[in-house]
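For reference, run-v8.cif (mmCIF, C-alpha atoms (C1' of nucleotides)):
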```cif
data_data
#
loop_
_atom_site.group_PDB
_atom_site.id
_atom_site.type_symbol
_atom_site.label_atom_id
_atom_site.label_comp_id
_atom_site.auth_asym_id
_atom_site.auth_seq_id
_atom_site.Cartn_x
_atom_site.Cartn_y
_atom_site.Cartn_z
ATOM 1 C CA MET H 1 -7.317 10.284 9.325
ATOM 2 C CA THR H 2 -4.765 12.814 8.172
ATOM 3 C CA THR H 3 -4.263 13.461 4.481
ATOM 4 C CA ALA H 4 -1.278 11.887 2.738
ATOM 5 C CA VAL H 5 0.104 15.275 1.702
ATOM 6 C CA VAL H 6 -0.097 16.583 5.222
ATOM 7 C CA GLN H 7 1.511 13.475 6.628
ATOM 8 C CA VAL H 8 4.394 13.635 4.156
ATOM 9 C CA CYS H 9 4.900 17.352 4.721
ATOM 10 C CA SER H 10 4.733 16.891 8.450
ATOM 11 C CA ALA H 11 7.446 14.255 8.177
ATOM 12 C CA LEU H 12 9.623 16.511 6.016
ATOM 13 C CA GLY H 13 8.964 19.554 8.149
ATOM 14 C CA ASP H 14 11.768 18.804 10.543
ATOM 15 C CA GLU H 15 15.368 19.773 9.952
ATOM 16 C CA THR H 16 16.784 16.557 11.412
ATOM 17 C CA ARG H 17 14.447 14.285 9.475
ATOM 18 C CA TRP H 18 15.166 16.081 6.224
ATOM 19 C CA GLN H 19 18.867 15.624 6.902
ATOM 20 C CA ILE H 20 18.398 11.953 7.708
ATOM 21 C CA LEU H 21 16.424 11.423 4.526
ATOM 22 C CA GLN H 22 19.124 13.064 2.442
ATOM 23 C CA MET H 23 21.810 10.964 4.081
ATOM 24 C CA LEU H 24 19.822 7.817 3.351
ATOM 25 C CA GLY H 25 19.490 9.009 -0.231
ATOM 26 C CA GLU H 26 23.252 9.216 -0.525
ATOM 27 C CA GLN H 27 23.701 5.820 1.005
ATOM 28 C CA PRO H 28 21.213 3.604 2.851
ATOM 29 C CA ARG H 29 22.365 2.752 6.369
ATOM 30 C CA SER H 30 21.352 1.675 9.832
ATOM 31 C CA ALA H 31 20.192 3.808 12.721
ATOM 32 C CA SER H 32 23.463 3.142 14.513
ATOM 33 C CA ALA H 33 25.468 4.295 11.514
ATOM 34 C CA LEU H 34 23.408 7.490 11.353
ATOM 35 C CA ALA H 35 23.887 8.037 15.065
ATOM 36 C CA GLY H 36 27.636 8.008 14.479
ATOM 37 C CA GLU H 37 27.324 10.939 12.093
ATOM 38 C CA LEU H 38 24.673 13.025 13.807
ATOM 39 C CA PRO H 39 24.773 14.775 17.164
ATOM 40 C CA ILE H 40 21.775 12.893 18.553
ATOM 41 C CA SER H 41 21.215 9.459 20.056
ATOM 42 C CA ARG H 42 20.381 6.345 18.112
ATOM 43 C CA GLN H 43 16.928 6.182 19.658
ATOM 44 C CA ALA H 44 16.146 9.736 18.644
ATOM 45 C CA ILE H 45 17.074 8.726 15.108
ATOM 46 C CA ALA H 46 14.978 5.581 15.336
ATOM 47 C CA GLN H 47 11.972 7.700 16.246
ATOM 48 C CA HIS H 48 12.588 10.064 13.359
ATOM 49 C CA VAL H 49 12.951 7.172 10.953
ATOM 50 C CA GLU H 50 9.735 5.717 12.306
ATOM 51 C CA VAL H 51 7.955 8.928 11.322
ATOM 52 C CA LEU H 52 9.483 8.770 7.849
ATOM 53 C CA ILE H 53 8.315 5.169 7.513
ATOM 54 C CA GLY H 54 4.849 6.165 8.679
ATOM 55 C CA ALA H 55 4.716 8.685 5.847
ATOM 56 C CA GLY H 56 5.872 6.030 3.385
ATOM 57 C CA LEU H 57 9.081 7.900 2.659
ATOM 58 C CA VAL H 58 11.431 5.210 3.930
ATOM 59 C CA GLU H 59 11.565 1.424 3.960
ATOM 60 C CA ARG H 60 13.312 -0.909 6.402
ATOM 61 C CA ARG H 61 15.489 -3.759 5.139
ATOM 62 C CA ARG H 62 17.155 -6.351 7.316
ATOM 63 C CA HIS H 63 20.717 -7.315 6.487
ATOM 64 C CA GLY H 64 21.737 -9.951 8.995
ATOM 65 C CA ARG H 65 21.528 -8.369 12.398
ATOM 66 C CA GLU H 66 21.373 -4.831 11.168
ATOM 67 C CA VAL H 67 18.468 -2.860 9.704
ATOM 68 C CA ARG H 68 19.153 -0.510 6.809
ATOM 69 C CA TYR H 69 16.781 2.243 5.860
ATOM 70 C CA VAL H 70 16.146 3.091 2.231
ATOM 71 C CA PRO H 71 14.240 6.114 0.878
ATOM 72 C CA VAL H 72 11.183 5.438 -1.272
ATOM 73 C CA GLY H 73 10.452 7.802 -4.115
ATOM 74 C CA ALA H 74 6.787 6.928 -4.635
ATOM 75 C CA ALA H 75 5.254 8.604 -1.582
ATOM 76 C CA LEU H 76 7.195 11.781 -2.199
ATOM 77 C CA SER H 77 6.231 11.867 -5.865
ATOM 78 C CA ALA H 78 2.572 11.409 -5.014
ATOM 79 C CA ALA H 79 2.664 14.252 -2.503
ATOM 80 C CA VAL H 80 4.505 16.508 -4.925
ATOM 81 C CA GLU H 81 1.885 15.849 -7.574
ATOM 82 C CA GLN H 82 -0.924 16.775 -5.231
ATOM 83 C CA LEU H 83 0.894 19.928 -4.214
ATOM 84 C CA GLN H 84 1.350 20.936 -7.825
ATOM 85 C CA ALA H 85 -2.258 20.170 -8.635
ATOM 86 C CA ALA H 86 -3.428 22.312 -5.739
ATOM 87 C CA ALA H 87 -1.120 25.188 -6.649
ATOM 88 C CA ALA H 88 -2.198 25.022 -10.277
ATOM 89 C CA GLY H 89 -5.828 25.228 -9.190
ATOM 90 C CA TRP H 90 -5.120 28.370 -7.148
ATOM 91 C CA ASP H 91 -3.268 30.017 -9.965
ATOM 92 C CA ARG H 92 -6.111 29.345 -12.375
ATOM 93 C CA ARG H 93 -8.750 30.539 -9.971
ATOM 94 C CA LEU H 94 -6.856 33.579 -8.742
ATOM 95 C CA GLU H 95 -6.065 34.590 -12.304
ATOM 96 C CA MET H 96 -9.790 34.521 -13.022
ATOM 97 C CA LEU H 97 -10.575 36.628 -9.995
ATOM 98 C CA LYS H 98 -7.861 39.089 -10.954
ATOM 99 C CA ARG H 99 -9.169 39.412 -14.478
ATOM 100 C CA ARG H 100 -12.688 39.937 -13.228
ATOM 101 C CA ALA H 101 -11.410 42.668 -10.903
ATOM 102 C CA GLU H 102 -9.439 44.435 -13.634
ATOM 103 C CA GLY H 103 -12.019 44.081 -16.360
ATOM 104 C CA PRO H 104 -14.732 46.565 -15.291
ATOM 105 C CA ARG H 105 -12.511 49.605 -14.969
ATOM 106 C CA MET X 1 18.590 29.007 9.779
ATOM 107 C CA THR X 2 16.117 26.442 8.646
ATOM 108 C CA THR X 3 15.993 25.399 5.019
ATOM 109 C CA ALA X 4 13.238 26.785 2.794
ATOM 110 C CA VAL X 5 11.976 23.293 1.981
ATOM 111 C CA VAL X 6 11.746 22.383 5.624
ATOM 112 C CA GLN X 7 9.995 25.610 6.485
ATOM 113 C CA VAL X 8 7.437 25.172 3.722
ATOM 114 C CA CYS X 9 6.829 21.539 4.620
ATOM 115 C CA SER X 10 6.568 22.405 8.268
ATOM 116 C CA ALA X 11 3.916 24.984 7.405
ATOM 117 C CA LEU X 12 2.011 22.490 5.246
ATOM 118 C CA GLY X 13 2.390 19.689 7.758
ATOM 119 C CA ASP X 14 -0.694 20.679 9.691
ATOM 120 C CA GLU X 15 -4.196 19.639 8.775
ATOM 121 C CA THR X 16 -5.759 22.974 9.699
ATOM 122 C CA ARG X 17 -3.173 25.039 7.836
ATOM 123 C CA TRP X 18 -3.532 22.903 4.735
ATOM 124 C CA GLN X 19 -7.277 23.411 4.917
ATOM 125 C CA ILE X 20 -6.886 27.162 5.352
ATOM 126 C CA LEU X 21 -4.529 27.346 2.395
ATOM 127 C CA GLN X 22 -6.982 25.461 0.203
ATOM 128 C CA MET X 23 -9.822 27.725 1.274
ATOM 129 C CA LEU X 24 -7.753 30.781 0.436
ATOM 130 C CA GLY X 25 -6.994 29.211 -2.930
ATOM 131 C CA GLU X 26 -10.694 28.927 -3.628
ATOM 132 C CA GLN X 27 -11.300 32.474 -2.564
ATOM 133 C CA PRO X 28 -9.032 34.876 -0.680
ATOM 134 C CA ARG X 29 -10.596 36.103 2.577
ATOM 135 C CA SER X 30 -9.988 37.561 5.977
ATOM 136 C CA ALA X 31 -9.191 35.774 9.210
ATOM 137 C CA SER X 32 -12.646 36.609 10.508
ATOM 138 C CA ALA X 33 -14.298 35.128 7.438
ATOM 139 C CA LEU X 34 -12.254 31.948 7.879
ATOM 140 C CA ALA X 35 -13.172 31.832 11.545
ATOM 141 C CA GLY X 36 -16.825 31.755 10.534
ATOM 142 C CA GLU X 37 -16.263 28.583 8.532
ATOM 143 C CA LEU X 38 -13.846 26.732 10.760
ATOM 144 C CA PRO X 39 -14.383 25.353 14.251
ATOM 145 C CA ILE X 40 -11.556 27.382 15.793
ATOM 146 C CA SER X 41 -11.154 30.958 16.951
ATOM 147 C CA ARG X 42 -10.072 33.866 14.792
ATOM 148 C CA GLN X 43 -6.829 34.189 16.722
ATOM 149 C CA ALA X 44 -5.973 30.556 16.186
ATOM 150 C CA ILE X 45 -6.446 31.155 12.474
ATOM 151 C CA ALA X 46 -4.375 34.321 12.605
ATOM 152 C CA GLN X 47 -1.525 32.336 14.101
ATOM 153 C CA HIS X 48 -1.794 29.656 11.429
ATOM 154 C CA VAL X 49 -1.828 32.271 8.701
ATOM 155 C CA GLU X 50 1.218 33.881 10.262
ATOM 156 C CA VAL X 51 3.062 30.603 9.872
ATOM 157 C CA LEU X 52 1.983 30.354 6.242
ATOM 158 C CA ILE X 53 3.211 33.906 5.647
ATOM 159 C CA GLY X 54 6.494 33.059 7.337
ATOM 160 C CA ALA X 55 6.960 30.255 4.825
ATOM 161 C CA GLY X 56 6.124 32.618 1.973
ATOM 162 C CA LEU X 57 3.008 30.668 1.054
ATOM 163 C CA VAL X 58 0.544 33.462 1.738
ATOM 164 C CA GLU X 59 0.439 37.219 1.321
ATOM 165 C CA ARG X 60 -1.575 39.792 3.286
ATOM 166 C CA ARG X 61 -3.544 42.499 1.460
ATOM 167 C CA ARG X 62 -5.425 45.288 3.126
ATOM 168 C CA HIS X 63 -8.863 46.141 1.768
ATOM 169 C CA GLY X 64 -10.150 49.029 3.821
ATOM 170 C CA ARG X 65 -10.303 47.853 7.373
ATOM 171 C CA GLU X 66 -10.059 44.179 6.601
ATOM 172 C CA VAL X 67 -7.059 42.067 5.715
ATOM 173 C CA ARG X 68 -7.417 39.443 3.032
ATOM 174 C CA TYR X 69 -4.975 36.599 2.674
ATOM 175 C CA VAL X 70 -3.930 35.349 -0.744
ATOM 176 C CA PRO X 71 -1.892 32.223 -1.497
ATOM 177 C CA VAL X 72 1.396 32.668 -3.351
ATOM 178 C CA GLY X 73 2.441 30.004 -5.796
ATOM 179 C CA ALA X 74 6.134 30.836 -5.989
ATOM 180 C CA ALA X 75 7.302 29.534 -2.609
ATOM 181 C CA LEU X 76 5.427 26.298 -3.089
ATOM 182 C CA SER X 77 6.817 25.802 -6.598
ATOM 183 C CA ALA X 78 10.344 26.372 -5.384
ATOM 184 C CA ALA X 79 9.940 23.836 -2.589
ATOM 185 C CA VAL X 80 8.366 21.318 -4.944
ATOM 186 C CA GLU X 81 11.297 21.686 -7.325
ATOM 187 C CA GLN X 82 13.802 21.040 -4.585
ATOM 188 C CA LEU X 83 11.853 18.010 -3.448
ATOM 189 C CA GLN X 84 11.825 16.611 -6.958
ATOM 190 C CA ALA X 85 15.503 17.314 -7.431
ATOM 191 C CA ALA X 86 16.327 15.497 -4.196
ATOM 192 C CA ALA X 87 14.116 12.535 -5.046
ATOM 193 C CA ALA X 88 15.609 12.309 -8.522
ATOM 194 C CA GLY X 89 19.086 12.245 -6.998
ATOM 195 C CA TRP X 90 18.154 9.358 -4.714
ATOM 196 C CA ASP X 91 16.631 7.368 -7.529
ATOM 197 C CA ARG X 92 19.724 7.796 -9.653
ATOM 198 C CA ARG X 93 22.074 6.907 -6.847
ATOM 199 C CA LEU X 94 20.051 4.002 -5.516
ATOM 200 C CA GLU X 95 19.689 2.605 -9.015
ATOM 201 C CA MET X 96 23.466 2.624 -9.312
ATOM 202 C CA LEU X 97 23.896 0.881 -5.974
ATOM 203 C CA LYS X 98 21.310 -1.695 -6.966
ATOM 204 C CA ARG X 99 23.025 -2.402 -10.283
ATOM 205 C CA ARG X 100 26.376 -2.749 -8.570
ATOM 206 C CA ALA X 101 24.818 -5.230 -6.128
ATOM 207 C CA GLU X 102 23.217 -7.338 -8.843
ATOM 208 C CA GLY X 103 26.073 -7.248 -11.282
ATOM 209 C CA PRO X 104 28.644 -9.552 -9.647
ATOM 210 C CA ARG X 105 26.395 -12.601 -9.221
ATOM 211 C "C1'" DT L 1 -21.642 60.293 17.264
ATOM 212 C "C1'" DC L 2 -22.425 55.676 18.666
ATOM 213 C "C1'" DG L 3 -22.710 50.839 17.852
ATOM 214 C "C1'" DT L 4 -20.793 47.261 15.016
ATOM 215 C "C1'" DT L 5 -17.233 44.852 12.851
ATOM 216 C "C1'" DG L 6 -12.415 43.596 11.914
ATOM 217 C "C1'" DT L 7 -7.597 43.590 13.871
ATOM 218 C "C1'" DG L 8 -3.706 43.342 16.990
ATOM 219 C "C1'" DC L 9 -1.321 42.045 21.184
ATOM 220 C "C1'" DA L 10 -0.538 39.164 25.322
ATOM 221 C "C1'" DA L 11 -1.007 35.745 28.865
ATOM 222 C "C1'" DG L 12 -2.233 31.106 30.002
ATOM 223 C "C1'" DC L 13 -2.730 26.190 29.329
ATOM 224 C "C1'" DA L 14 -3.157 21.452 27.614
ATOM 225 C "C1'" DA L 15 -1.209 18.400 24.286
ATOM 226 C "C1'" DC L 16 2.297 16.926 21.302
ATOM 227 C "C1'" DG L 17 6.988 16.206 19.678
ATOM 228 C "C1'" DT L 18 11.944 15.754 20.304
ATOM 229 C "C1'" DA L 19 15.505 13.795 22.694
ATOM 230 C "C1'" DT L 20 17.319 11.411 26.612
ATOM 231 C "C1'" DT L 21 18.589 7.315 29.580
ATOM 232 C "C1'" DG L 22 18.308 2.553 31.041
ATOM 233 C "C1'" DC L 23 17.777 -2.130 30.263
ATOM 234 C "C1'" DA L 24 16.805 -6.530 27.834
ATOM 235 C "C1'" DC L 25 17.554 -9.375 23.882
ATOM 236 C "C1'" DA L 26 19.382 -11.000 19.473
ATOM 237 C "C1'" DT L 27 23.388 -11.706 16.474
ATOM 238 C "C1'" DC L 28 28.007 -11.708 14.722
ATOM 239 C "C1'" DT L 29 33.039 -12.686 15.703
ATOM 240 C "C1'" DG L 30 37.339 -14.116 17.921
ATOM 241 C "C1'" DC C 1 31.560 -19.539 24.965
ATOM 242 C "C1'" DA C 2 32.293 -14.652 25.809
ATOM 243 C "C1'" DG C 3 32.510 -10.005 24.365
ATOM 244 C "C1'" DA C 4 31.200 -6.591 21.160
ATOM 245 C "C1'" DT C 5 27.745 -4.665 18.302
ATOM 246 C "C1'" DG C 6 23.008 -3.686 16.658
ATOM 247 C "C1'" DT C 7 18.280 -3.516 17.803
ATOM 248 C "C1'" DG C 8 13.702 -2.945 20.476
ATOM 249 C "C1'" DC C 9 10.839 -1.248 24.184
ATOM 250 C "C1'" DA C 10 9.640 1.932 27.996
ATOM 251 C "C1'" DA C 11 9.748 5.831 31.035
ATOM 252 C "C1'" DT C 12 10.898 10.490 31.530
ATOM 253 C "C1'" DA C 13 12.310 15.470 30.918
ATOM 254 C "C1'" DC C 14 11.538 19.545 28.462
ATOM 255 C "C1'" DG C 15 10.637 22.753 24.864
ATOM 256 C "C1'" DT C 16 7.284 23.840 21.231
ATOM 257 C "C1'" DT C 17 2.783 24.193 19.252
ATOM 258 C "C1'" DG C 18 -2.136 24.901 18.877
ATOM 259 C "C1'" DC C 19 -5.841 27.048 20.845
ATOM 260 C "C1'" DT C 20 -8.235 29.808 24.090
ATOM 261 C "C1'" DT C 21 -9.761 34.056 26.496
ATOM 262 C "C1'" DG C 22 -9.564 38.981 27.459
ATOM 263 C "C1'" DC C 23 -8.863 43.524 26.286
ATOM 264 C "C1'" DA C 24 -7.635 47.619 23.482
ATOM 265 C "C1'" DC C 25 -7.933 50.099 19.253
ATOM 266 C "C1'" DA C 26 -9.129 51.429 14.402
ATOM 267 C "C1'" DA C 27 -12.523 51.898 10.751
ATOM 268 C "C1'" DC C 28 -16.971 51.637 8.566
ATOM 269 C "C1'" DG C 29 -22.109 52.660 8.583
ATOM 270 C "C1'" DA C 30 -26.768 54.238 10.404
#
```
What would the structure in this file look like if it were written as C-alpha cells?
Amino acid sequence: MTTAVVQVCSALGDETRWQILQMLGEQPRSASALAGELPISRQAIAQHVEVLIGAGLVERRRHGREVRYVPVGAALSAAVEQLQAAAAGWDRRLEMLKRRAEGPR
Amino acid sequence: MTTAVVQVCSALGDETRWQILQMLGEQPRSASALAGELPISRQAIAQHVEVLIGAGLVERRRHGREVRYVPVGAALSAAVEQLQAAAAGWDRRLEMLKRRAEGPR
DNA sequence: TCGTTGTGCAAGCAACGTATTGCACATCTG
DNA sequence: CAGATGTGCAATACGTTGCTTGCACAACGA
C-alpha cells in the first residue's frame, strides 16, 4: 500500500493533471468538455481524471448522460497537513543538530 | 518549463524518495549511508536524491570526502502554500456555484 | 604507500505511465 | 425513429523512470 501523501503527490506531479484539476476548480465539467479545451484526447483525460479520483482529489457526478468531475478539498488538505508536519519535524530536528554543532566551539 | 508545485509533487510522488527525505530529516547522511539502510543500490539512491535536489527539497554538503544530504524546508513550504491557495480558491468558487444552484428552488 | 571507503559517470534493461485509436453502448433531441 | 453526443472498455505504441552493473578516480587511514 502506498502512503496517502505519496499518492496525492504522485497524482499532482503531472503537468496535465495539475492543469485539469485547476480547470475543474474553476468550473466542474465533463471529460468531453475538457477534451475540447486541451490538446489531448478525451480518453487520455479520462485516465488522468481516474488517477485524480484514485487519490481522492476529484469526485464524479452524473448529470443525465454526462459525468461532471468536481475537485474535493479534503484529500488535498490532509496531504498538505502531513507535509507540513513532516517539514516542521525536520526543522526542529535540524535546528537541534545545528545548535549542537555550533555549541562546542 | 514545469511549474514548481508540479516539480515538487513529482519528486515527492515516489515511495522511495519520500522515505529518503524522511530519513534525511531524521539525520542528514550520505548516499552510501542510505544505501546501507535501504534495499536498493547506492546509485539508485543517488538518482533519487538528484531528483529531490532538482526540486529544491534537498541540499548537498561536502564533509571531507563524503557528501551529506540535508532537507530544505523552503521549497516544500512554498509548494504547500500554493496548494493551499489553489484549494482555497476552489472551495470559494464551488461554494458560490453551489449556492447559485440551490437558491432558485 | 597501499588498501579501504566514498563518489561520479555511463550503458543497459525491465516496468510503468502517457497518449492514441477503434469500437460498442447509452442517452438526449429533432 | 434516427442522428448526434457523451461515455466505457480494450489493445497498442512509445517515451520515461527506476534500478542495476561496471569501471574509474579521489581521499582518508594504517
Test item: axis-aligned box, all listed atoms of range 91-97 of chain X, 4 Å on each side, centre and edges in Å rounded to one decimal, as AutoDock Vina command-line options:
```
--center_x 20.3 --center_y 4.3 --center_z -7.6 --size_x 15.3 --size_y 14.9 --size_z 12.1
```
**OP:** Could the residues of chain X within 12 Å of chain L, counting only C-alpha atoms (C1' of nucleotides), be given as a list in words, please?
**Re:**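 Residues satisfying the distance criterion: Ser30, Ala31, Ser32, Ala33, Ala35, Arg42, Gln43, Ala46, Gln47, Arg62, His63, Gly64, Arg65, Glu66, Val67 and Arg68 of chain X.
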Subject >> Residues returned when the PyMOL selection byres ((chain C) within 10 of (chain X)) runs on this file, as number ranges by chain >> reply: C: 18-20, 26-28
**OP:** Using all atoms listed in the file, select each residue of chain X with any atom at most 8 Å away from an atom of chain H, and give the selection as a ChimeraX atom specification.
**Re:** /X:2-3,5-15,18,22,25-27,71,73,76-77,80,83-84,86-87,89-91,93-94
Subject >> Pairwise distance for CA of Leu57 in chain H and CA of Ala75 in chain H, rounded to one decimal in Å >> reply: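 We find that CA of Leu57 in chain H and CA of Ala75 in chain H lie 5.8 Å from each other.
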Output range 9-19 of chain H as an mmCIF file, in the coordinates of the input, making sure all heavy atoms are there.
```
data_model
loop_
_atom_site.group_PDB
_atom_site.id
_atom_site.type_symbol
_atom_site.label_atom_id
_atom_site.label_comp_id
_atom_site.auth_asym_id
_atom_site.auth_seq_id
_atom_site.Cartn_x
_atom_site.Cartn_y
_atom_site.Cartn_z
ATOM 1 N N CYS H 9 4.322 16.037 4.403
ATOM 2 C CA CYS H 9 4.900 17.352 4.721
ATOM 3 C C CYS H 9 5.277 17.432 6.186
ATOM 4 O O CYS H 9 6.324 17.981 6.542
ATOM 5 C CB CYS H 9 3.916 18.457 4.379
ATOM 6 S SG CYS H 9 3.792 18.768 2.615
ATOM 7 N N SER H 10 4.442 16.884 7.023
ATOM 8 C CA SER H 10 4.733 16.891 8.450
ATOM 9 C C SER H 10 6.039 16.149 8.727
ATOM 10 O O SER H 10 6.857 16.575 9.549
ATOM 11 C CB SER H 10 3.575 16.236 9.201
ATOM 12 O OG SER H 10 3.863 16.154 10.565
ATOM 13 N N ALA H 11 6.225 15.043 8.004
ATOM 14 C CA ALA H 11 7.446 14.255 8.177
ATOM 15 C C ALA H 11 8.667 15.031 7.689
ATOM 16 O O ALA H 11 9.735 14.992 8.291
ATOM 17 C CB ALA H 11 7.330 12.935 7.433
ATOM 18 N N LEU H 12 8.503 15.762 6.601
ATOM 19 C CA LEU H 12 9.623 16.511 6.016
ATOM 20 C C LEU H 12 9.833 17.850 6.707
ATOM 21 O O LEU H 12 10.855 18.498 6.496
ATOM 22 C CB LEU H 12 9.363 16.749 4.528
ATOM 23 C CG LEU H 12 9.314 15.515 3.648
ATOM 24 C CD1 LEU H 12 8.996 15.909 2.217
ATOM 25 C CD2 LEU H 12 10.625 14.758 3.710
ATOM 26 N N GLY H 13 8.888 18.243 7.521
ATOM 27 C CA GLY H 13 8.964 19.554 8.149
ATOM 28 C C GLY H 13 9.808 19.598 9.399
ATOM 29 O O GLY H 13 9.505 20.319 10.340
ATOM 30 N N ASP H 14 10.849 18.814 9.411
ATOM 31 C CA ASP H 14 11.768 18.804 10.543
ATOM 32 C C ASP H 14 13.186 18.715 10.010
ATOM 33 O O ASP H 14 13.516 17.813 9.240
ATOM 34 C CB ASP H 14 11.463 17.615 11.461
ATOM 35 C CG ASP H 14 12.420 17.544 12.632
ATOM 36 O OD1 ASP H 14 13.538 17.014 12.437
ATOM 37 O OD2 ASP H 14 12.075 18.016 13.721
ATOM 38 N N GLU H 15 13.978 19.665 10.418
ATOM 39 C CA GLU H 15 15.368 19.773 9.952
ATOM 40 C C GLU H 15 16.107 18.428 10.025
ATOM 41 O O GLU H 15 16.693 17.963 9.053
ATOM 42 C CB GLU H 15 16.093 20.802 10.812
ATOM 43 C CG GLU H 15 17.318 21.384 10.158
ATOM 44 C CD GLU H 15 16.949 22.419 9.114
ATOM 45 O OE1 GLU H 15 15.957 23.152 9.324
ATOM 46 O OE2 GLU H 15 17.646 22.484 8.087
ATOM 47 N N THR H 16 16.058 17.818 11.198
ATOM 48 C CA THR H 16 16.784 16.557 11.412
ATOM 49 C C THR H 16 16.298 15.459 10.486
ATOM 50 O O THR H 16 17.098 14.725 9.905
ATOM 51 C CB THR H 16 16.630 16.089 12.867
ATOM 52 O OG1 THR H 16 17.003 17.156 13.745
ATOM 53 C CG2 THR H 16 17.490 14.886 13.138
ATOM 54 N N ARG H 17 14.973 15.351 10.334
ATOM 55 C CA ARG H 17 14.447 14.285 9.475
ATOM 56 C C ARG H 17 14.830 14.510 8.025
ATOM 57 O O ARG H 17 15.174 13.572 7.302
ATOM 58 C CB ARG H 17 12.929 14.193 9.620
ATOM 59 C CG ARG H 17 12.504 13.282 10.751
ATOM 60 C CD ARG H 17 11.049 12.912 10.657
ATOM 61 N NE ARG H 17 10.170 14.048 10.804
ATOM 62 C CZ ARG H 17 9.669 14.461 11.957
ATOM 63 N NH1 ARG H 17 9.961 13.825 13.061
ATOM 64 N NH2 ARG H 17 8.867 15.498 12.010
ATOM 65 N N TRP H 18 14.785 15.751 7.587
ATOM 66 C CA TRP H 18 15.166 16.081 6.224
ATOM 67 C C TRP H 18 16.627 15.696 5.998
ATOM 68 O O TRP H 18 16.989 15.116 4.971
ATOM 69 C CB TRP H 18 14.954 17.576 5.986
ATOM 70 C CG TRP H 18 15.386 18.073 4.644
ATOM 71 C CD1 TRP H 18 16.389 18.966 4.383
ATOM 72 C CD2 TRP H 18 14.846 17.718 3.368
ATOM 73 N NE1 TRP H 18 16.504 19.189 3.039
ATOM 74 C CE2 TRP H 18 15.569 18.424 2.383
ATOM 75 C CE3 TRP H 18 13.823 16.848 2.956
ATOM 76 C CZ2 TRP H 18 15.297 18.312 1.021
ATOM 77 C CZ3 TRP H 18 13.567 16.729 1.598
ATOM 78 C CH2 TRP H 18 14.294 17.457 0.652
ATOM 79 N N GLN H 19 17.449 15.969 6.982
ATOM 80 C CA GLN H 19 18.867 15.624 6.902
ATOM 81 C C GLN H 19 19.051 14.112 6.836
ATOM 82 O O GLN H 19 19.804 13.595 6.007
ATOM 83 C CB GLN H 19 19.550 16.181 8.155
ATOM 84 C CG GLN H 19 21.055 16.322 8.024
ATOM 85 C CD GLN H 19 21.640 17.011 9.239
ATOM 86 O OE1 GLN H 19 20.915 17.533 10.081
ATOM 87 N NE2 GLN H 19 22.956 17.005 9.333
#
```
